[in-house]
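Asker: Here it is, the structure in full.
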Amino acid sequence: MKTFTTRAARLNGIRDIELIERELVCGDDDIVVKNHMMGICGSDKSFYRGFLPPKTAEFRQDPSFPFLLGHESGGEVVAIGDRVADFKVGDKVIAFGWNNNFADYFMAKSFQLQPVPHDLDMDIASLGEPISCAMYSGLNSGVQLGDTVVVMGGGFAGQIIAQCAKKKGARRVIVVDVLEGKLKIARALGADLTIDTTAQDPIAYIKDLTDGVGADVVVEAAGTAESFNIASEIIRHNGKFVFYSWVTTPVTLNISRWHDDGIEFINTCLVHHTWQQRYVWTPETLRPIAQGLVDVKPLITHEFPLSEIKAGFALADTDETAIKIVFRP
């Protein structure tokens with residue numbers, strides 16, 4: 001059995017993150033991957049701030065401190081166990097599992113990895129999990145030719161979903177956020193309109209824009225109680241509410257509106273479906289990226305070496321204009 005020594009991130013408590021040394025022993029059904037690049041997910045930031053949800057099927061470890069953090073990354077297979085038949089040394093892979101991926105090397109099972117399709121640039125492939133999740137949401141949002149689409153949240157996922165909605169034929173794509181920096185990027189990437197909720201009432205704006213009808217599709221990608229309730233108010237009768245965010249604290253919702261107006265509720269969280277579904281869908285979601293139809297690189301706003309993990313997370317915690325912060329080993 002091959003053994004690898006790696007630096008890896010451990011979250012000891014609220015805003016207390018450090019690199020520790022770990023030894024990875026490649027067992028019979030294990031795969032060891034040398035990381036190319038890794039990204040901070042919104043859920044990582046929530047964990048960093050102390051918002052740990054109850055354990056679900058998603059977690060291979062209890063969501064409690066100390067927590068071995070990280071899941072967004074990709075790289076090259078450097079070792080496989082004797083029972084591994086679907087990957088080989090040298091394969092380029094995308095991570096789809098909470099495997100302490102803020103590290104030089106991480107270890108996973110076959111079902112937690114995805115082959116890199118379409119000869120993607122490894123910088124893009126290393127963010128294949130969040131990209132494919134966002135693209136899956138955009139592709140399966142129910143957007144039709146001529147729709148008015150509102151994306152709540154101009155973060156990494158929201159920016160990708162907005163581009164996808166426009167390419168699918170939406171008449172108008174509107175991105176809503178509290179930060180002008182994110183809205184500026186949204187406009188540069190093709191959003192027709194943007195709403196800064198610190199300066200405008202989004203509910204009044206959308207109702208005025210649509211002559212009181214409301215938006216055909218609203219994508220919730222901000223993850224706040226306010227965003228969920230604004231989304232509920234601006235959807236038209238029988239419109240589509242696309243649920244993307246992971247909310248880790250209880251919120252109060254106007255579910256009566258969902259019921260009385262027959263709102264269609266669409267859960268587009270690819271990573272939370274079965275790995276078999278993900279395995280089929282991921283190449284399809286990444287094809288438009290490889291074709292240059294959706295632009296991701298402008299969303300990588302900050303880069304750090306892994307050795308500066310404290311600085312990277314401090315920035316994520318304090319600078320809301322940062323969209324995707326990445327580390328390299």
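Letters A, B, ... go to the chains of the structure tokens in the order shown; residues in each chain start at 1; ligands are counted from 1 in the same order.
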Write out as number ranges by chain each polymer residue whose atoms come within 8 Å of Asn267 in chain A, counting only C-alpha atoms; drop sequence neighbours fewer than 5 positions from it.
Answerer: A: 242-244
Asker: Using only C-alpha atoms, please write the residues we just selected to a file, as a compact mmCIF listing (two decimals), in the first residue's frame.
Answerer:
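And here's part24.txt as it stands now:
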```txt
# COMPACT_ATOMS: atom_id res chain seq x y z
CA VAL A 242 -35.51 27.12 -8.81
CA PHE A 243 -33.85 26.13 -5.53
CA TYR A 244 -30.05 26.17 -5.64
```
Asker: Which residues are near range 60-68 of chain A? Cut-off 10 Å, only C-alpha atoms, ignore same chain within fewer than 5 positions. Put them as an MDAnalysis selection string.
Answerer: chainID A and resid 8:14 16:17 19:20 47:48 50:55 97:102
Asker: Please produce a file of the residues just selected, as a CSV table (one decimal), in the first residue's frame, where the atoms kept are N, CA and C atoms.
Answerer:
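That gives us out_17.csv:
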```csv
chain,number,residue,atom,x,y,z
A,8,ALA,N,-2.8,19.5,4.9
A,8,ALA,CA,-4.2,19.4,4.7
A,8,ALA,C,-4.9,20.4,5.7
A,9,ALA,N,-6.0,21.0,5.3
A,9,ALA,CA,-6.7,22.0,6.1
A,9,ALA,C,-7.5,21.3,7.2
A,10,ARG,N,-7.4,21.8,8.4
A,10,ARG,CA,-8.3,21.4,9.5
A,10,ARG,C,-8.9,22.6,10.1
A,11,LEU,N,-10.2,22.6,10.2
A,11,LEU,CA,-11.0,23.7,10.8
A,11,LEU,C,-11.2,23.3,12.3
A,12,ASN,N,-10.5,24.0,13.2
A,12,ASN,CA,-10.5,23.6,14.6
A,12,ASN,C,-11.7,24.2,15.3
A,13,GLY,N,-12.2,25.3,14.8
A,13,GLY,CA,-13.3,26.0,15.5
A,13,GLY,C,-13.7,27.2,14.6
A,14,ILE,N,-14.5,28.1,15.1
A,14,ILE,CA,-15.0,29.2,14.3
A,14,ILE,C,-13.8,30.1,13.9
A,16,ASP,N,-11.0,29.4,12.8
A,16,ASP,CA,-9.7,28.8,13.3
A,16,ASP,C,-9.3,27.7,12.3
A,17,ILE,N,-8.6,28.0,11.3
A,17,ILE,CA,-8.2,27.1,10.3
A,17,ILE,C,-6.7,27.0,10.2
A,19,LEU,N,-3.1,24.4,8.5
A,19,LEU,CA,-2.6,23.3,7.8
A,19,LEU,C,-2.0,22.3,8.7
A,20,ILE,N,-2.3,21.1,8.6
A,20,ILE,CA,-1.7,20.0,9.4
A,20,ILE,C,-1.0,19.0,8.5
A,47,PHE,N,-19.1,27.0,7.2
A,47,PHE,CA,-18.5,26.2,8.2
A,47,PHE,C,-17.4,27.0,8.9
A,48,TYR,N,-16.6,27.8,8.2
A,48,TYR,CA,-15.6,28.6,8.8
A,48,TYR,C,-16.2,29.6,9.8
A,50,GLY,N,-18.8,29.0,11.5
A,50,GLY,CA,-19.4,28.2,12.6
A,50,GLY,C,-20.8,27.7,12.3
A,51,PHE,N,-21.3,27.8,11.1
A,51,PHE,CA,-22.6,27.3,10.8
A,51,PHE,C,-22.5,25.9,10.2
A,52,LEU,N,-22.6,24.9,11.1
A,52,LEU,CA,-22.4,23.5,10.7
A,52,LEU,C,-23.8,22.9,10.8
A,53,PRO,N,-24.3,22.4,9.7
A,53,PRO,CA,-25.7,21.8,9.7
A,53,PRO,C,-25.7,20.4,10.3
A,54,PRO,N,-26.8,19.8,10.5
A,54,PRO,CA,-26.9,18.4,11.0
A,54,PRO,C,-26.3,17.5,9.9
A,55,LYS,N,-25.9,16.3,10.4
A,55,LYS,CA,-25.3,15.3,9.5
A,55,LYS,C,-26.4,14.8,8.5
A,97,GLY,N,-16.6,15.0,-3.6
A,97,GLY,CA,-16.8,14.4,-2.3
A,97,GLY,C,-16.1,15.3,-1.3
A,98,TRP,N,-16.5,15.2,0.0
A,98,TRP,CA,-15.9,15.9,1.1
A,98,TRP,C,-14.7,15.1,1.6
A,99,ASN,N,-13.6,15.2,0.9
A,99,ASN,CA,-12.4,14.4,1.2
A,99,ASN,C,-11.2,15.2,1.7
A,100,ASN,N,-11.4,16.3,2.4
A,100,ASN,CA,-10.3,17.1,2.9
A,100,ASN,C,-9.5,17.6,1.7
A,101,ASN,N,-10.1,18.2,0.8
A,101,ASN,CA,-9.5,18.6,-0.5
A,101,ASN,C,-8.6,19.8,-0.4
A,102,PHE,N,-8.6,20.6,0.6
A,102,PHE,CA,-7.6,21.7,0.8
A,102,PHE,C,-6.3,21.0,1.2
```
Asker: Rank nothing, just name the residue among A:Thr224, A:Thr274, A:Gln114, A:Gln144 nearest to Thr249 in chain A, using only C-alpha atoms.
Answerer: A:Thr224
Asker: For Thr248 in chain A, which residue out of A:Lys45, A:Gly128, A:Glu233, A:Met38 is the nearest one, using only C-alpha atoms?
Answerer: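 Counting only C-alpha atoms, the residue closest to Thr248 in chain A is A:Lys45.
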Asker: Identify, on the basis of only C-alpha atoms, every residue whose closest approach to range 185-193 of chain A does not exceed 7 Å; exclude the query and any residue fewer than 4 positions from it along the same chain; express the result as a VMD selection string.
Answerer: chain A and resid 154 159 162 to 163 172 to 175 181
Asker: Please, which residues of range 40-181 of chain A, numbered as in this document, come out helix (DSSP H, G or I) from DSSP, as a PyMOL selection string?
Answerer: chain A and resi 42-48+110-112+122-125+128-139+156-167+180-181
Asker: Using only C-alpha atoms, which of the listed residues (A:Ser245, A:Thr321, A:Ser132, A:Ser46) sits closest to Ile300 in chain A?
Answerer: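 Going through A:Ser245, A:Thr321, A:Ser132, A:Ser46 one by one, the smallest distance to Ile300 in chain A is for A:Thr321.
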Asker: Do you know which residues are at most 12 Å from Asp119 in chain A counting only C-alpha atoms, after dropping those on the same chain fewer than 5 positions away, and could you put them as a PyMOL selection string?
Answerer: chain A and resi 91-93+124-125+283+286-287+289-291
Asker: So that I can see what lies close to Val32 in chain A, please list as a VMD selection string the residues with an atom at most 7 Å from it, counting only C-alpha atoms and leaving out residues fewer than 5 positions away in the same chain.
Answerer: chain A and resid 26 77 to 80 105 to 108
Asker: Smallest atom-to-atom distance to Arg22 in chain A: which of A:Ser126, A:Ser110, A:Thr6, A:Thr198, using only C-alpha atoms?
Answerer: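 Of all the options, A:Thr6 lies closest to Arg22 in chain A.
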Asker: Within 8 Å of Ala225 in chain A, counting only C-alpha atoms, which residues show up once you throw out same-chain ones fewer than 2 positions away? Write them as a PyMOL selection string, please.
Answerer: chain A and resi 223+227-229+251-253
Asker: For the residues in that selection, give me C-alpha atoms as a short mmCIF file (atom, residue, chain, number, x, y, z; two decimals), in the first residue's frame.
Answerer:
```
data_model
loop_
_atom_site.label_atom_id
_atom_site.label_comp_id
_atom_site.auth_asym_id
_atom_site.auth_seq_id
_atom_site.Cartn_x
_atom_site.Cartn_y
_atom_site.Cartn_z
CA GLY A 223 -29.00 31.59 0.41
CA SER A 227 -33.65 36.30 -0.76
CA PHE A 228 -36.04 33.34 -0.45
CA ASN A 229 -38.93 35.61 0.44
CA VAL A 251 -35.72 30.50 7.91
CA THR A 252 -39.35 31.69 7.90
CA LEU A 253 -40.95 31.37 4.45
#
```
Asker: Give me, please, the distance in Å between CA of Pro117 in chain A and CA of Arg83 in chain A, quoted to one decimal.
Answerer: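 Pair CA of Pro117 in chain A / CA of Arg83 in chain A returns 23.7 Å.
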Asker: With a distance cut-off of 12 Å and only C-alpha atoms, select the neighbouring residues of range 254-264 of chain A, excluding the residue or stretch itself and same-chain residues fewer than 6 positions from it, and output the selection as a ChimeraX atom specification.
Answerer: /A:141-142,213-219,225-243
